[in-house]
Amino acid sequence: MSYLPPGVPVPQANPDDQPFWDACARRELRIQRCTHCGRFRHPPVPFCGECGSGGIEWAAVPGTGTVFSYTIAHHPAHKALKTAVPYNIVVVHLDEADDVRIVSNVIDASPEEIRVGMPVTLAWDEIEGGMFLPRFRKA
Ligand code: ZN
């Protein structure tokens with residue numbers, strides 16, 4: 001069962017992030033990394049902000065991290081979320097991926113449990129259309 005109910009708009013891939021979503025479909029968390037300087041970056045972009053190289057690889061990361069920031073939504077941002085409030089939206093600082101942070105949800109924590117610095121681990125969440133989103137559980 002998905003963390004959020006059916007009817008929420010699903011992510012639409014673009015040429016820069018298509019490999020990210022392709023990896024998610026295989027339940028692999030892969031983050032874009034520069035082949036010249038080795039710096040991770042997310043969201044995906046065509047050139048490295050550190051060295052300017054256009055060299056790209058998609059590196060697997062462990063899927064562990066900590067909550068960098070969060071909010072608790074009490075007002076549904078979409079009509080499909082009417083029954084889901086309150087739900088959390090977290091920014092997770094991923095381990096072993098420089099300063100990469102991804103926006104997600106912690107699927108097994110009450111709003112009162114979420115804390116900055118809380119350790120979390122990847123939990124694949126299947127949504128409509130057989131798509132998998134990287135979400136997190138309490139570690
Ligand atoms: Zn670089």
# chains A, B, ... in the order shown; residues from 1 in each chain; ligands from 1

call {"tool": "closest_atom_pairs", "arguments": {"of": "chain A", "to": "ligand 1", "cutoff": "8 Å", "atoms": "only C-alpha atoms and all ligand atoms", "output": "CSV"}}
result
residue,atom,partner,partner_atom_place_in_ligand_line,distance
A:Arg33,CA,ligand 1,1 (Zn),7.8
A:Cys34,CA,ligand 1,1 (Zn),4.6
A:Thr35,CA,ligand 1,1 (Zn),6.7
A:His36,CA,ligand 1,1 (Zn),5.1
A:Cys37,CA,ligand 1,1 (Zn),4.0
A:Gly38,CA,ligand 1,1 (Zn),6.0
A:Arg39,CA,ligand 1,1 (Zn),5.6
A:Phe47,CA,ligand 1,1 (Zn),7.8
A:Cys48,CA,ligand 1,1 (Zn),4.6
A:Gly49,CA,ligand 1,1 (Zn),6.7
A:Glu50,CA,ligand 1,1 (Zn),5.0
A:Cys51,CA,ligand 1,1 (Zn),4.2
A:Gly52,CA,ligand 1,1 (Zn),5.9
A:Ser53,CA,ligand 1,1 (Zn),5.4
A:Gly54,CA,ligand 1,1 (Zn),7.9
A:Gly55,CA,ligand 1,1 (Zn),7.7

call {"tool": "write_last_selection", "arguments": {"atoms": "N, CA, C and O atoms", "output": "mmCIF file, in the first residue's frame"}}
result
data_model
loop_
_atom_site.group_PDB
_atom_site.id
_atom_site.type_symbol
_atom_site.label_atom_id
_atom_site.label_comp_id
_atom_site.auth_asym_id
_atom_site.auth_seq_id
_atom_site.Cartn_x
_atom_site.Cartn_y
_atom_site.Cartn_z
ATOM 1 N N ARG A 33 26.302 11.353 -10.749
ATOM 2 C CA ARG A 33 27.627 11.713 -10.257
ATOM 3 C C ARG A 33 28.501 12.114 -11.439
ATOM 4 O O ARG A 33 28.430 11.512 -12.515
ATOM 5 N N CYS A 34 29.326 13.114 -11.228
ATOM 6 C CA CYS A 34 30.239 13.607 -12.252
ATOM 7 C C CYS A 34 31.370 12.593 -12.459
ATOM 8 O O CYS A 34 32.022 12.183 -11.505
ATOM 9 N N THR A 35 31.627 12.237 -13.729
ATOM 10 C CA THR A 35 32.712 11.285 -13.994
ATOM 11 C C THR A 35 34.078 11.970 -13.941
ATOM 12 O O THR A 35 35.100 11.296 -13.895
ATOM 13 N N HIS A 36 34.109 13.308 -13.953
ATOM 14 C CA HIS A 36 35.383 14.031 -13.911
ATOM 15 C C HIS A 36 35.848 14.255 -12.469
ATOM 16 O O HIS A 36 36.963 13.896 -12.118
ATOM 17 N N CYS A 37 34.975 14.833 -11.630
ATOM 18 C CA CYS A 37 35.403 15.158 -10.252
ATOM 19 C C CYS A 37 34.760 14.253 -9.199
ATOM 20 O O CYS A 37 35.126 14.307 -8.030
ATOM 21 N N GLY A 38 33.798 13.434 -9.610
ATOM 22 C CA GLY A 38 33.203 12.473 -8.678
ATOM 23 C C GLY A 38 32.127 13.034 -7.771
ATOM 24 O O GLY A 38 31.622 12.335 -6.887
ATOM 25 N N ARG A 39 31.740 14.291 -8.005
ATOM 26 C CA ARG A 39 30.750 14.936 -7.131
ATOM 27 C C ARG A 39 29.331 14.434 -7.466
ATOM 28 O O ARG A 39 28.934 14.398 -8.631
ATOM 29 N N PHE A 47 25.170 19.352 -16.522
ATOM 30 C CA PHE A 47 26.578 19.676 -16.284
ATOM 31 C C PHE A 47 26.865 19.781 -14.790
ATOM 32 O O PHE A 47 26.009 20.192 -14.009
ATOM 33 N N CYS A 48 28.090 19.450 -14.422
ATOM 34 C CA CYS A 48 28.524 19.490 -13.031
ATOM 35 C C CYS A 48 28.665 20.936 -12.554
ATOM 36 O O CYS A 48 29.369 21.730 -13.182
ATOM 37 N N GLY A 49 28.026 21.270 -11.456
ATOM 38 C CA GLY A 49 28.130 22.608 -10.885
ATOM 39 C C GLY A 49 29.477 22.857 -10.234
ATOM 40 O O GLY A 49 29.846 23.992 -9.954
ATOM 41 N N GLU A 50 30.237 21.797 -9.995
ATOM 42 C CA GLU A 50 31.536 21.896 -9.334
ATOM 43 C C GLU A 50 32.652 22.157 -10.347
ATOM 44 O O GLU A 50 33.463 23.043 -10.157
ATOM 45 N N CYS A 51 32.661 21.378 -11.450
ATOM 46 C CA CYS A 51 33.783 21.464 -12.400
ATOM 47 C C CYS A 51 33.336 21.752 -13.831
ATOM 48 O O CYS A 51 34.178 21.963 -14.702
ATOM 49 N N GLY A 52 32.041 21.755 -14.106
ATOM 50 C CA GLY A 52 31.548 22.085 -15.442
ATOM 51 C C GLY A 52 31.528 20.932 -16.422
ATOM 52 O O GLY A 52 31.066 21.085 -17.557
ATOM 53 N N SER A 53 31.998 19.773 -16.023
ATOM 54 C CA SER A 53 32.027 18.620 -16.923
ATOM 55 C C SER A 53 30.608 18.135 -17.252
ATOM 56 O O SER A 53 29.702 18.224 -16.427
ATOM 57 N N GLY A 54 30.450 17.602 -18.465
ATOM 58 C CA GLY A 54 29.184 16.990 -18.854
ATOM 59 C C GLY A 54 29.206 15.481 -18.683
ATOM 60 O O GLY A 54 28.269 14.795 -19.081
ATOM 61 N N GLY A 55 30.268 14.964 -18.079
ATOM 62 C CA GLY A 55 30.381 13.519 -17.854
ATOM 63 C C GLY A 55 29.465 13.070 -16.737
ATOM 64 O O GLY A 55 29.487 13.626 -15.643
#

call {"tool": "select_by_dssp", "arguments": {"residues": "stretch 20-133 of chain A", "states": "strand (DSSP E or B)", "output": "ChimeraX atom specification"}}
result
/A:30-34,40-41,56-60,64-73,87-94,97,99,101-104,106,119-127,131-133

call {"tool": "residues_around", "arguments": {"residues": "stretch 121-125 of chain A", "least_positions_apart": "3", "cutoff": "12 Å", "atoms": "only C-alpha atoms", "output": "VMD selection string"}}
result
chain A and resid 1 to 5 23 to 29 61 to 67 92 to 95 102 104 to 108 118 128 to 139

call {"tool": "atom_distance", "arguments": {"atom1": "atom CA of A:His75", "atom2": "atom CA of A:Pro11"}}
result
20.9 Å

call {"tool": "closest_atom_pairs", "arguments": {"of": "stretch 47-75 of chain A", "to": "stretch 88-91 of chain A", "cutoff": "8 Å", "atoms": "only C-alpha atoms", "output": "CSV"}}
result
residue,atom,partner,partner_atom,distance
A:Val67,CA,A:Val91,CA,5.9
A:Phe68,CA,A:Val91,CA,5.5
A:Ser69,CA,A:Val91,CA,5.1
A:Tyr70,CA,A:Val90,CA,4.1
A:Thr71,CA,A:Ile89,CA,5.4
A:Ile72,CA,A:Asn88,CA,4.5
A:Ala73,CA,A:Asn88,CA,6.1

call {"tool": "closest_residue", "arguments": {"among": "A:His74, A:His42, A:Arg30, A:Lys79", "to": "A:Glu57", "atoms": "only C-alpha atoms"}}
result
A:Arg30
